[in-house]
>>> print(open('run-v2.txt').read())   # compact mmCIF, C-alpha atoms and all ligand atoms
# COMPACT_ATOMS: atom_id res chain seq x y z
CA MET A 1 15.89 -25.71 -19.02
CA LYS A 2 16.29 -29.33 -19.90
CA PHE A 3 18.89 -32.05 -19.72
CA LYS A 4 19.78 -33.47 -23.13
CA SER A 5 22.30 -36.32 -23.12
CA ASN A 6 23.10 -35.35 -19.55
CA LYS A 7 23.94 -31.77 -20.49
CA LEU A 8 21.85 -28.95 -19.08
CA LYS A 9 20.57 -26.73 -21.87
CA ILE A 10 18.73 -23.48 -22.13
CA GLU A 11 17.01 -23.79 -25.51
CA ASN A 12 19.76 -25.18 -27.80
CA VAL A 13 22.70 -23.88 -25.81
CA THR A 14 24.51 -25.82 -23.10
CA VAL A 15 25.08 -24.13 -19.78
CA GLN A 16 28.65 -25.39 -19.91
CA SER A 17 29.32 -23.50 -23.14
CA ILE A 18 27.78 -20.31 -21.76
CA ALA A 19 30.17 -20.45 -18.81
CA ARG A 20 33.12 -21.13 -21.10
CA LYS A 21 32.31 -18.35 -23.53
CA TYR A 22 30.94 -15.63 -21.27
CA GLY A 23 32.36 -16.41 -17.84
CA THR A 24 30.42 -16.54 -14.59
CA PRO A 25 28.26 -15.48 -12.86
CA THR A 26 25.92 -14.88 -15.79
CA TYR A 27 22.18 -14.40 -16.01
CA CYS A 28 20.69 -16.22 -19.04
CA TYR A 29 17.14 -15.81 -20.20
CA SER A 30 15.15 -17.96 -22.60
CA TYR A 31 13.18 -16.08 -25.25
CA LYS A 32 11.04 -19.12 -25.96
CA GLN A 33 9.97 -19.33 -22.32
CA LEU A 34 9.21 -15.61 -22.23
CA ARG A 35 7.03 -15.90 -25.30
CA GLU A 36 5.24 -18.95 -23.92
CA ASN A 37 4.55 -17.22 -20.60
CA ILE A 38 3.07 -14.13 -22.26
CA LEU A 39 0.88 -16.13 -24.64
CA LYS A 40 -0.30 -18.37 -21.79
CA PHE A 41 -1.06 -15.41 -19.58
CA LYS A 42 -3.12 -13.79 -22.33
CA LYS A 43 -4.95 -17.04 -23.02
CA ASN A 44 -5.85 -17.52 -19.37
CA PHE A 45 -7.76 -14.26 -19.34
CA LYS A 46 -8.77 -13.95 -22.97
CA SER A 47 -12.51 -13.83 -22.31
CA PHE A 48 -12.22 -10.25 -21.01
CA SER A 49 -8.94 -9.21 -22.75
CA PRO A 50 -7.27 -7.26 -19.97
CA LEU A 51 -4.56 -4.66 -20.35
CA ILE A 52 -1.41 -6.40 -19.16
CA CYS A 53 1.12 -4.02 -17.65
CA PHE A 54 4.41 -5.80 -17.01
CA ALA A 55 5.77 -4.97 -13.53
CA ILE A 56 9.11 -3.47 -14.52
CA LYS A 57 10.53 -3.89 -11.02
CA SER A 58 10.74 -7.63 -11.54
CA ASN A 59 13.22 -7.26 -14.39
CA THR A 60 14.69 -3.96 -15.52
CA ASN A 61 16.65 -5.13 -18.54
CA LEU A 62 15.89 -2.74 -21.41
CA ASN A 63 16.30 -5.38 -24.12
CA LEU A 64 14.05 -7.84 -22.38
CA ILE A 65 11.39 -5.17 -21.91
CA LYS A 66 11.63 -4.35 -25.63
CA GLN A 67 10.80 -8.00 -26.35
CA ILE A 68 7.90 -7.92 -23.89
CA LYS A 69 6.60 -4.74 -25.55
CA LYS A 70 6.40 -6.53 -28.89
CA PHE A 71 3.62 -8.69 -27.48
CA GLY A 72 1.58 -5.55 -26.80
CA LEU A 73 2.14 -5.39 -23.08
CA GLY A 74 2.19 -2.12 -21.16
CA ALA A 75 4.14 -1.38 -18.00
CA ASP A 76 3.60 -0.94 -14.29
CA VAL A 77 6.29 1.40 -12.97
CA VAL A 78 7.12 2.53 -9.44
CA SER A 79 9.79 5.18 -9.91
CA LEU A 80 10.98 7.81 -12.35
CA GLY A 81 13.78 5.46 -13.39
CA GLU A 82 11.35 2.71 -14.30
CA LEU A 83 9.11 5.17 -16.14
CA ILE A 84 12.03 6.45 -18.22
CA LEU A 85 13.05 2.85 -18.93
CA ALA A 86 9.54 1.81 -20.01
CA LEU A 87 9.31 4.79 -22.37
CA LYS A 88 12.77 4.07 -23.73
CA ALA A 89 11.68 0.50 -24.48
CA GLY A 90 8.97 2.06 -26.64
CA ILE A 91 5.99 1.25 -24.44
CA ASN A 92 3.01 3.41 -25.26
CA PRO A 93 2.41 5.90 -22.40
CA LYS A 94 -1.27 5.04 -22.68
CA LYS A 95 -0.35 1.57 -21.45
CA ILE A 96 1.67 2.73 -18.44
CA VAL A 97 0.43 2.79 -14.85
CA PHE A 98 2.45 4.33 -12.03
CA SER A 99 2.16 2.73 -8.57
CA GLY A 100 3.92 3.42 -5.25
CA VAL A 101 3.34 5.07 -1.89
CA GLY A 102 6.00 7.77 -2.17
CA LYS A 103 5.96 9.39 -5.59
CA THR A 104 7.77 12.72 -5.41
CA ALA A 105 6.64 15.96 -7.07
CA LYS A 106 9.36 15.43 -9.68
CA GLU A 107 8.12 11.93 -10.47
CA LEU A 108 4.48 13.01 -10.64
CA SER A 109 5.32 15.98 -12.80
CA TYR A 110 7.22 13.83 -15.30
CA ALA A 111 4.40 11.27 -15.43
CA ILE A 112 1.85 14.04 -16.01
CA ASP A 113 3.96 15.52 -18.82
CA LYS A 114 4.12 12.11 -20.51
CA ASN A 115 0.33 11.64 -20.32
CA ILE A 116 0.54 8.11 -18.97
CA LEU A 117 -2.63 6.06 -18.61
CA LEU A 118 -2.90 6.20 -14.83
CA ILE A 119 -1.18 7.43 -11.74
CA ASN A 120 -2.40 5.08 -9.04
CA ALA A 121 -2.44 7.27 -5.96
CA GLU A 122 -2.04 5.74 -2.53
CA SER A 123 -2.88 8.56 -0.09
CA LYS A 124 -4.85 11.74 0.40
CA SER A 125 -1.63 13.78 0.37
CA GLU A 126 -0.60 12.29 -2.94
CA ILE A 127 -3.94 13.13 -4.53
CA TYR A 128 -3.61 16.73 -3.29
CA GLU A 129 -0.10 16.83 -4.73
CA ILE A 130 -1.31 15.52 -8.11
CA GLU A 131 -4.07 18.12 -8.14
CA ARG A 132 -1.61 20.92 -7.26
CA ILE A 133 0.80 19.95 -10.06
CA ALA A 134 -2.00 19.36 -12.57
CA LYS A 135 -3.42 22.79 -11.82
CA LEU A 136 -0.04 24.45 -12.45
CA LYS A 137 0.18 22.63 -15.76
CA ARG A 138 -3.47 23.37 -16.55
CA LYS A 139 -4.15 19.71 -17.13
CA LYS A 140 -6.70 17.11 -16.18
CA VAL A 141 -4.83 14.04 -14.98
CA GLN A 142 -6.13 10.47 -15.09
CA ILE A 143 -5.69 8.69 -11.82
CA GLY A 144 -6.58 5.55 -9.95
CA ILE A 145 -6.95 5.20 -6.21
CA ARG A 146 -5.32 2.19 -4.65
CA LEU A 147 -7.55 0.49 -2.16
CA ASN A 148 -6.18 -1.54 0.71
CA PRO A 149 -8.79 -4.31 0.77
CA ASN A 150 -7.50 -5.80 4.03
CA THR A 151 -7.15 -9.20 2.37
CA ASP A 152 -4.56 -11.73 3.43
CA ALA A 153 -2.76 -12.93 0.29
CA LYS A 154 -1.52 -16.05 2.14
CA THR A 155 1.99 -15.51 0.94
CA LEU A 156 5.26 -14.52 2.64
CA ASN A 157 4.77 -11.70 5.14
CA GLN A 158 7.50 -9.62 3.52
CA ILE A 159 5.67 -9.57 0.20
CA SER A 160 2.11 -9.16 1.48
CA THR A 161 0.70 -5.77 0.62
CA GLY A 162 -3.07 -5.91 1.05
CA LYS A 163 -3.53 -6.15 4.82
CA LYS A 164 -4.51 -3.20 6.95
CA GLU A 165 -1.14 -3.15 8.70
CA ASN A 166 0.63 -2.66 5.35
CA LYS A 167 1.60 0.80 4.13
CA PHE A 168 -0.14 0.38 0.77
CA GLY A 169 -3.36 1.95 -0.45
CA VAL A 170 -6.16 3.55 1.51
CA ASN A 171 -8.92 1.96 3.57
CA SER A 172 -12.51 1.90 2.35
CA LYS A 173 -13.58 4.87 4.47
CA LEU A 174 -10.90 7.12 3.03
CA PHE A 175 -11.54 5.65 -0.41
CA TYR A 176 -15.13 6.97 -0.39
CA GLU A 177 -13.95 10.37 0.78
CA LEU A 178 -11.31 10.54 -1.96
CA VAL A 179 -13.78 9.52 -4.67
CA LYS A 180 -15.93 12.45 -3.59
CA PHE A 181 -12.95 14.78 -3.68
CA CYS A 182 -11.95 13.63 -7.17
CA LYS A 183 -15.49 14.12 -8.46
CA SER A 184 -15.33 17.76 -7.45
CA SER A 185 -11.82 18.34 -8.80
CA LYS A 186 -11.27 20.13 -12.11
CA ASN A 187 -7.78 18.73 -12.53
CA ILE A 188 -8.29 15.12 -11.64
CA ASN A 189 -10.12 12.55 -13.68
CA LEU A 190 -10.70 9.47 -11.51
CA LYS A 191 -10.63 6.46 -13.81
CA CYS A 192 -9.56 3.48 -11.82
CA LEU A 193 -9.79 1.51 -8.63
CA SER A 194 -6.56 -0.37 -8.06
CA VAL A 195 -5.42 -3.10 -5.67
CA HIS A 196 -2.41 -5.34 -5.27
CA ILE A 197 -2.52 -7.73 -2.35
CA GLY A 198 0.89 -9.34 -2.58
CA SER A 199 3.34 -11.40 -4.56
CA GLN A 200 4.01 -15.11 -5.18
CA ILE A 201 0.35 -15.96 -4.58
CA LEU A 202 -0.44 -19.62 -5.29
CA ASN A 203 -3.96 -19.80 -3.96
CA HIS A 204 -6.84 -18.26 -5.91
CA LYS A 205 -8.98 -17.78 -2.81
CA PRO A 206 -7.38 -14.52 -1.62
CA TYR A 207 -8.06 -13.11 -5.08
CA GLU A 208 -11.70 -14.18 -4.82
CA LYS A 209 -11.97 -12.48 -1.44
CA MET A 210 -10.36 -9.34 -2.79
CA LEU A 211 -12.86 -9.24 -5.67
CA LYS A 212 -15.76 -9.50 -3.24
CA VAL A 213 -14.41 -6.57 -1.24
CA ILE A 214 -13.98 -4.43 -4.35
CA ASP A 215 -17.42 -5.35 -5.61
CA LYS A 216 -19.06 -4.11 -2.43
CA ILE A 217 -17.09 -0.90 -2.48
CA ILE A 218 -17.92 -0.15 -6.10
CA THR A 219 -21.61 -0.64 -5.43
CA LYS A 220 -21.41 1.66 -2.44
CA THR A 221 -19.49 4.42 -4.25
CA ASN A 222 -21.84 4.27 -7.20
CA TYR A 223 -19.04 5.61 -9.40
CA ASN A 224 -18.30 4.56 -12.96
CA PHE A 225 -14.72 3.38 -13.02
CA ASP A 226 -13.31 2.76 -16.50
CA PHE A 227 -10.61 0.49 -15.14
CA ILE A 228 -10.15 -1.98 -12.33
CA ASP A 229 -6.46 -2.63 -11.78
CA LEU A 230 -6.08 -5.94 -9.96
CA GLY A 231 -2.30 -5.72 -9.63
CA GLY A 232 -0.05 -8.73 -10.10
CA GLY A 233 1.10 -11.35 -7.65
CA MET A 234 0.51 -14.54 -9.64
CA GLY A 235 2.94 -17.05 -8.19
CA ILE A 236 5.14 -19.57 -9.96
CA ALA A 237 6.37 -23.03 -8.94
CA TYR A 238 9.93 -22.73 -7.67
CA ASP A 239 10.09 -26.46 -7.06
CA GLU A 240 8.36 -29.44 -8.60
CA GLU A 241 6.17 -30.21 -5.59
CA SER A 242 4.86 -26.68 -5.30
CA LYS A 243 1.18 -26.12 -5.99
CA LYS A 244 0.23 -23.94 -8.93
CA LEU A 245 -2.10 -20.99 -9.08
CA ASN A 246 -5.43 -22.00 -10.56
CA TYR A 247 -5.79 -19.42 -13.31
CA SER A 248 -9.10 -20.73 -14.52
CA LYS A 249 -10.66 -20.20 -11.07
CA TYR A 250 -9.18 -16.71 -10.82
CA SER A 251 -10.43 -15.89 -14.30
CA SER A 252 -13.93 -17.21 -13.53
CA ALA A 253 -14.08 -15.09 -10.38
CA ILE A 254 -13.20 -12.02 -12.43
CA LYS A 255 -15.79 -12.86 -15.07
CA LYS A 256 -18.39 -13.14 -12.34
CA PHE A 257 -17.25 -9.85 -10.88
CA LEU A 258 -17.50 -8.14 -14.29
CA LYS A 259 -21.12 -9.15 -14.82
CA ASN A 260 -23.19 -6.04 -15.49
CA LYS A 261 -20.08 -3.89 -15.34
CA LYS A 262 -18.38 -2.14 -18.22
CA MET A 263 -14.90 -1.98 -16.84
CA LYS A 264 -11.55 -2.88 -18.32
CA ILE A 265 -9.34 -5.07 -16.19
CA ILE A 266 -5.68 -4.21 -15.79
CA PHE A 267 -3.09 -6.69 -14.52
CA GLU A 268 0.44 -5.93 -13.34
CA PRO A 269 2.24 -9.28 -13.45
CA GLY A 270 5.99 -9.46 -13.02
CA ARG A 271 7.03 -12.89 -11.80
CA ALA A 272 4.47 -14.78 -13.91
CA ILE A 273 5.96 -13.25 -17.06
CA VAL A 274 9.69 -13.53 -16.39
CA GLY A 275 10.26 -15.66 -13.27
CA ASN A 276 10.98 -18.99 -14.94
CA THR A 277 12.73 -17.49 -17.98
CA GLY A 278 16.10 -17.05 -16.27
CA ILE A 279 18.95 -19.01 -14.72
CA LEU A 280 22.06 -17.80 -13.00
CA VAL A 281 25.11 -19.70 -14.20
CA SER A 282 27.87 -19.95 -11.63
CA LYS A 283 31.13 -21.75 -11.09
CA ILE A 284 32.33 -23.56 -8.00
CA ILE A 285 35.40 -21.78 -6.65
CA TYR A 286 36.16 -24.04 -3.69
CA ILE A 287 34.68 -26.96 -1.83
CA LYS A 288 35.30 -26.56 1.87
CA LYS A 289 34.62 -29.56 4.06
CA ASN A 290 33.89 -29.82 7.74
CA ASP A 291 32.53 -32.70 9.81
CA LYS A 292 28.94 -32.17 8.77
CA LYS A 293 28.84 -30.32 5.51
CA ASN A 294 30.48 -29.54 2.27
CA PHE A 295 30.35 -25.84 1.66
CA ILE A 296 30.08 -25.38 -2.08
CA ILE A 297 31.52 -21.91 -2.50
CA ILE A 298 30.29 -20.53 -5.82
CA ASP A 299 31.15 -17.31 -7.61
CA ALA A 300 27.58 -15.97 -7.43
CA ALA A 301 26.54 -14.37 -4.18
CA MET A 302 23.74 -12.59 -2.37
CA ASN A 303 24.59 -9.38 -4.21
CA ASP A 304 23.73 -11.14 -7.49
CA LEU A 305 20.61 -12.90 -6.19
CA ILE A 306 19.29 -11.79 -2.82
CA ARG A 307 16.00 -13.69 -2.66
CA PRO A 308 17.31 -16.59 -0.54
CA ALA A 309 19.02 -14.24 1.93
CA LEU A 310 16.14 -11.79 2.06
CA TYR A 311 13.10 -14.04 2.08
CA GLY A 312 14.47 -17.50 2.69
CA ALA A 313 13.41 -18.17 -0.89
CA VAL A 314 14.41 -21.51 -2.33
CA HIS A 315 15.72 -21.76 -5.88
CA GLN A 316 16.44 -25.11 -7.40
CA ILE A 317 20.11 -25.71 -8.22
CA LEU A 318 21.12 -27.95 -11.12
CA PRO A 319 24.49 -29.26 -12.25
CA SER A 320 25.49 -28.37 -15.81
CA ILE A 321 26.42 -32.00 -16.47
CA LYS A 322 24.48 -34.83 -14.91
CA LYS A 323 26.47 -37.57 -13.21
CA ASN A 324 25.26 -40.60 -11.31
CA LYS A 325 27.52 -40.50 -8.26
CA LYS A 326 25.86 -38.91 -5.25
CA SER A 327 27.42 -37.14 -2.27
CA LYS A 328 26.72 -38.48 1.21
CA LYS A 329 27.21 -35.10 2.82
CA ILE A 330 24.93 -32.09 2.80
CA TYR A 331 25.91 -29.60 0.17
CA GLU A 332 25.51 -26.05 1.34
CA PHE A 333 25.72 -23.67 -1.61
CA VAL A 334 27.16 -20.36 -0.46
CA GLY A 335 28.65 -17.27 -2.04
CA PRO A 336 31.91 -15.47 -1.23
CA ILE A 337 30.28 -12.55 0.62
CA CYS A 338 31.21 -11.91 4.24
CA GLU A 339 27.82 -12.68 5.76
CA SER A 340 26.37 -15.95 6.92
CA THR A 341 23.12 -15.16 5.08
CA ASP A 342 25.04 -15.40 1.83
CA LYS A 343 23.67 -18.86 1.29
CA PHE A 344 21.54 -20.27 -1.52
CA SER A 345 20.42 -23.63 -0.22
CA SER A 346 21.32 -26.84 1.59
CA ILE A 347 20.81 -29.97 -0.46
CA LYS A 348 21.09 -33.64 0.50
CA ASN A 349 22.01 -36.34 -1.98
CA PHE A 350 23.19 -33.94 -4.65
CA GLN A 351 25.43 -35.44 -7.30
CA LEU A 352 29.11 -35.41 -6.44
CA LEU A 353 30.58 -32.02 -7.30
CA GLU A 354 34.10 -30.87 -7.90
CA GLU A 355 35.84 -27.53 -7.82
CA SER A 356 35.43 -25.64 -11.14
CA ASP A 357 32.14 -27.42 -11.91
CA ILE A 358 29.41 -25.22 -13.36
CA ILE A 359 25.95 -25.07 -11.81
CA ALA A 360 22.71 -23.22 -12.58
CA ILE A 361 20.42 -21.52 -10.09
CA CYS A 362 16.92 -21.74 -11.53
CA ASP A 363 13.94 -19.41 -11.89
CA VAL A 364 15.80 -16.18 -11.31
CA GLY A 365 14.18 -14.13 -14.09
CA ALA A 366 12.11 -12.10 -11.63
CA TYR A 367 13.64 -10.11 -8.77
CA GLY A 368 17.06 -11.58 -9.55
CA MET A 369 19.13 -9.06 -11.45
CA SER A 370 16.70 -6.25 -10.58
CA LEU A 371 17.47 -6.67 -6.88
CA SER A 372 21.21 -7.09 -7.37
CA SER A 373 23.74 -4.74 -5.82
CA ASN A 374 27.45 -4.03 -5.68
CA TYR A 375 27.82 -5.20 -2.09
CA ASN A 376 31.41 -6.17 -1.28
CA LEU A 377 32.20 -4.11 -4.38
CA ARG A 378 31.32 -6.97 -6.67
CA PRO A 379 30.53 -6.02 -10.29
CA LYS A 380 27.06 -6.99 -11.48
CA PRO A 381 26.80 -10.07 -13.73
CA LEU A 382 26.40 -10.21 -17.48
CA GLU A 383 22.95 -10.86 -18.93
CA ILE A 384 22.32 -12.84 -22.10
CA LEU A 385 19.18 -13.73 -24.02
CA ILE A 386 18.95 -17.06 -25.81
CA ASN A 387 16.65 -17.73 -28.73
CA GLY A 388 17.15 -21.20 -30.21
CA SER A 389 20.88 -21.35 -30.85
CA LYS A 390 21.29 -17.58 -30.97
CA ILE A 391 22.86 -15.80 -28.02
CA ARG A 392 22.63 -12.05 -27.48
CA VAL A 393 24.39 -10.10 -24.77
CA ILE A 394 21.64 -7.88 -23.40
CA LYS A 395 23.72 -6.28 -20.68
CA LYS A 396 27.46 -6.23 -20.33
CA ARG A 397 29.18 -7.38 -17.19
CA GLN A 398 29.98 -4.39 -15.00
CA LYS A 399 33.61 -3.36 -15.01
CA TYR A 400 35.60 -2.30 -11.99
CA ARG A 401 35.95 1.15 -13.50
CA ASP A 402 32.11 1.45 -13.42
CA ILE A 403 32.02 0.96 -9.69
CA ILE A 404 35.31 2.31 -8.37
N1 LIG B 501 2.07 -4.33 -8.82
C1 LIG B 501 2.49 -3.78 -7.67
C2 LIG B 501 1.87 -2.56 -7.20
C3 LIG B 501 3.53 -4.41 -6.95
O1 LIG B 501 3.94 -3.87 -5.81
C4 LIG B 501 4.13 -5.59 -7.46
C5 LIG B 501 5.22 -6.25 -6.74
C6 LIG B 501 3.67 -6.10 -8.68
C7 LIG B 501 2.63 -5.44 -9.34
C8 LIG B 501 4.23 -7.34 -9.32
O2 LIG B 501 4.07 -8.46 -8.53
P1 LIG B 501 4.40 -9.94 -9.12
O3 LIG B 501 3.39 -10.21 -10.20
O4 LIG B 501 5.77 -9.93 -9.66
O5 LIG B 501 4.24 -10.81 -7.95
N2 LIG B 501 11.14 -9.01 -4.25
C9 LIG B 501 10.08 -9.96 -3.99
C10 LIG B 501 8.80 -9.56 -4.66
C11 LIG B 501 8.33 -8.16 -4.33
C12 LIG B 501 7.12 -7.74 -5.09
C13 LIG B 501 6.85 -6.30 -4.93
N3 LIG B 501 5.71 -5.83 -5.64
C14 LIG B 501 10.55 -11.34 -4.40
O6 LIG B 501 11.70 -11.48 -4.79
O7 LIG B 501 9.80 -12.29 -4.30
>>> encode(input="run-v2.txt", output="structure tokens", more="lines below")
Ligand code: LLP
Amino acid sequence: MKFKSNKLKIENVTVQSIARKYGTPTYCYSYKQLRENILKFKKNFKSFSPLICFAIKSNTNLNLIKQIKKFGLGADVVSLGELILALKAGINPKKIVFSGVGKTAKELSYAIDKNILLINAESKSEIYEIERIAKLKRKKVQIGIRLNPNTDAKTLNQISTGKKENKFGVNSKLFYELVKFCKSSKNINLKCLSVHIGSQILNHKPYEKMLKVIDKIITKTNYNFDFIDLGGGMGIAYDEESKKLNYSKYSSAIKKFLKNKKMKIIFEPGRAIVGNTGILVSKIIYIKKNDKKNFIIIDAAMNDLIRPALYGAVHQILPSIKKNKKSKKIYEFVGPICESTDKFSSIKNFQLLEESDIIAICDVGAYGMSLSSNYNLRPKPLEILINGSKIRVIKKRQKYRDII
């Protein structure tokens, strides 16, 4: 996203022309940014060449996942739907890991039939269930056990997953017990220790702590894991002032951890791969003034992008055409949905806006469209992928007949 002669552009295409041609609200992704993110991610960790499993939950667009697959990435899935999608995108089952605390017998059975790389189990009951199904199928199933390392990821509470009060993984005591159980099982092949401490992590220190915890546990179990799945969580800068995750420190900590170990590292990044690739283009329907504020009522709403309403997340908003005149009032960007939480952000000193102006909500490539809904019976937006001057519709706008 860049302004060129005062026009906001995604690659070579102006946001204004996207709105004109495709209508609003519309999700637009940049292929160039996607490519850059993947190559950078690989480069950051190239000294131990990890298996990178894209967290499908962050963006479930089939076409986008097909592009991601071309760079050799695997997938981290958390439901049967995501597993089917990953396979449909052509991702090799031997690069798919299945996470989640509540996998049903149907989901496990399907994953076992497809011979995916790992089912990362999160409880004793789940391991028993995997063993039961594997036995019926006369198979030996590769699994991981997700450890809850009781590490504070220092991120939003709602997206912290590695503390003991969280539902995820098992504690160290149970971990040892389950390793023992797996060793004695004929139908389970324990291959991996997995963790995931949270999302939108900008500080490398929680990762360092987590690695120390795992290190101790591995020594104590004295078990040869083929894989260590460190999950995802790498944060991105949603605004210019935000600090950035220090990849080189995280990578060094992993290198240190891997000393004298022959284990392959797996990552499950979502946001770091797609977060900054997308914008949501929207049009101002009305401007409604009161004594204090100007409510900028746009045609995108919390059903299209729920992060601000759900987590108080802040996404930068940009005008599609830059002007010099500034507003003296606070602009409160809101959607048309009948809830006061249907609000994107309050901004002071924004440039003067008018009804019908086009704006872009930034960094919505992760957990934007994938968390969208039909609340208020609003059809889901169109999705397009831009590569240079080329525009491809990668998902059609939902029609009323799809939802009524
Ligand atoms: N692996 C596991 C097991 C996960 O639970 C998650 C995310 C990821 C990988 C990918 O995390 P990432 O690299 O994208 O941070 N809806 C929230 C984020 C929820 C994340 C849930 N788990 C948001 O909009 O910020």
>>> closest_residue(input="run-v2.txt", among="A:Thr24, A:Ser5, A:Gln351, A:Asn12", to="Asp304 of chain A", atoms="all atoms listed in the file")
A:Thr24
>>> closest_atom_pairs(input="run-v2.txt", of="chain A", to="ligand LIG 501 (chain B)", cutoff="7 Å", atoms="only C-alpha atoms and all ligand atoms", output="CSV")
residue,atom,partner,partner_atom,distance
A:Ala55,CA,B:LIG501,C8,5.1
A:Ser58,CA,B:LIG501,O4,5.8
A:Asp76,CA,B:LIG501,N1,6.6
A:Ser99,CA,B:LIG501,C2,5.5
A:Gly100,CA,B:LIG501,C2,6.6
A:Ile159,CA,B:LIG501,C11,5.4
A:His196,CA,B:LIG501,C2,5.5
A:Gly198,CA,B:LIG501,O5,6.5
A:Ser199,CA,B:LIG501,O5,3.6
A:Gln200,CA,B:LIG501,O5,5.1
A:Gly231,CA,B:LIG501,N1,4.7
A:Gly232,CA,B:LIG501,O3,3.7
A:Gly233,CA,B:LIG501,O5,3.2
A:Met234,CA,B:LIG501,O3,5.2
A:Gly235,CA,B:LIG501,O5,6.4
A:Glu268,CA,B:LIG501,C7,4.6
A:Pro269,CA,B:LIG501,O3,3.6
A:Gly270,CA,B:LIG501,O4,3.4
A:Arg271,CA,B:LIG501,O4,3.9
A:Ala272,CA,B:LIG501,O3,6.0
A:Arg307,CA,B:LIG501,O6,5.3
A:Ala366,CA,B:LIG501,O6,6.9
A:Tyr367,CA,B:LIG501,O6,4.6
>>> write_last_selection(input="run-v2.txt", atoms="C-alpha atoms", output="CSV table (one decimal), in the frame of the given file")
chain,number,residue,atom,x,y,z
A,55,ALA,CA,5.8,-5.0,-13.5
A,58,SER,CA,10.7,-7.6,-11.5
A,76,ASP,CA,3.6,-0.9,-14.3
A,99,SER,CA,2.2,2.7,-8.6
A,100,GLY,CA,3.9,3.4,-5.2
A,159,ILE,CA,5.7,-9.6,0.2
A,196,HIS,CA,-2.4,-5.3,-5.3
A,198,GLY,CA,0.9,-9.3,-2.6
A,199,SER,CA,3.3,-11.4,-4.6
A,200,GLN,CA,4.0,-15.1,-5.2
A,231,GLY,CA,-2.3,-5.7,-9.6
A,232,GLY,CA,0.0,-8.7,-10.1
A,233,GLY,CA,1.1,-11.4,-7.6
A,234,MET,CA,0.5,-14.5,-9.6
A,235,GLY,CA,2.9,-17.0,-8.2
A,268,GLU,CA,0.4,-5.9,-13.3
A,269,PRO,CA,2.2,-9.3,-13.4
A,270,GLY,CA,6.0,-9.5,-13.0
A,271,ARG,CA,7.0,-12.9,-11.8
A,272,ALA,CA,4.5,-14.8,-13.9
A,307,ARG,CA,16.0,-13.7,-2.7
A,366,ALA,CA,12.1,-12.1,-11.6
A,367,TYR,CA,13.6,-10.1,-8.8
>>> axis_aligned_box(input="run-v2.txt", around="segment 181-198 of chain A", padding_each_side="5 Å", output="JSON")
{"center_x": -7.3, "center_y": 5.4, "center_z": -8.1, "size_x": 26.4, "size_y": 39.5, "size_z": 21.5}
>>> closest_residue(input="run-v2.txt", among="A:Leu211, A:Gln142, A:Ile273, A:Ile359", to="Phe54 of chain A", atoms="all atoms listed in the file")
A:Ile273
>>> atom_distance(input="run-v2.txt", atom1="atom CA of Lys322 of chain A", atom2="atom CA of Val281 of chain A")
15.2 Å
>>> closest_residue(input="run-v2.txt", among="A:Ala253, A:Ile403, A:Cys338, A:Ile284", to="Leu353 of chain A", atoms="all atoms listed in the file")
A:Ile284
>>> closest_residue(input="run-v2.txt", among="A:Leu230, A:Leu190, A:Ile18, A:Val314", to="Glu208 of chain A", atoms="all atoms listed in the file")
A:Leu230
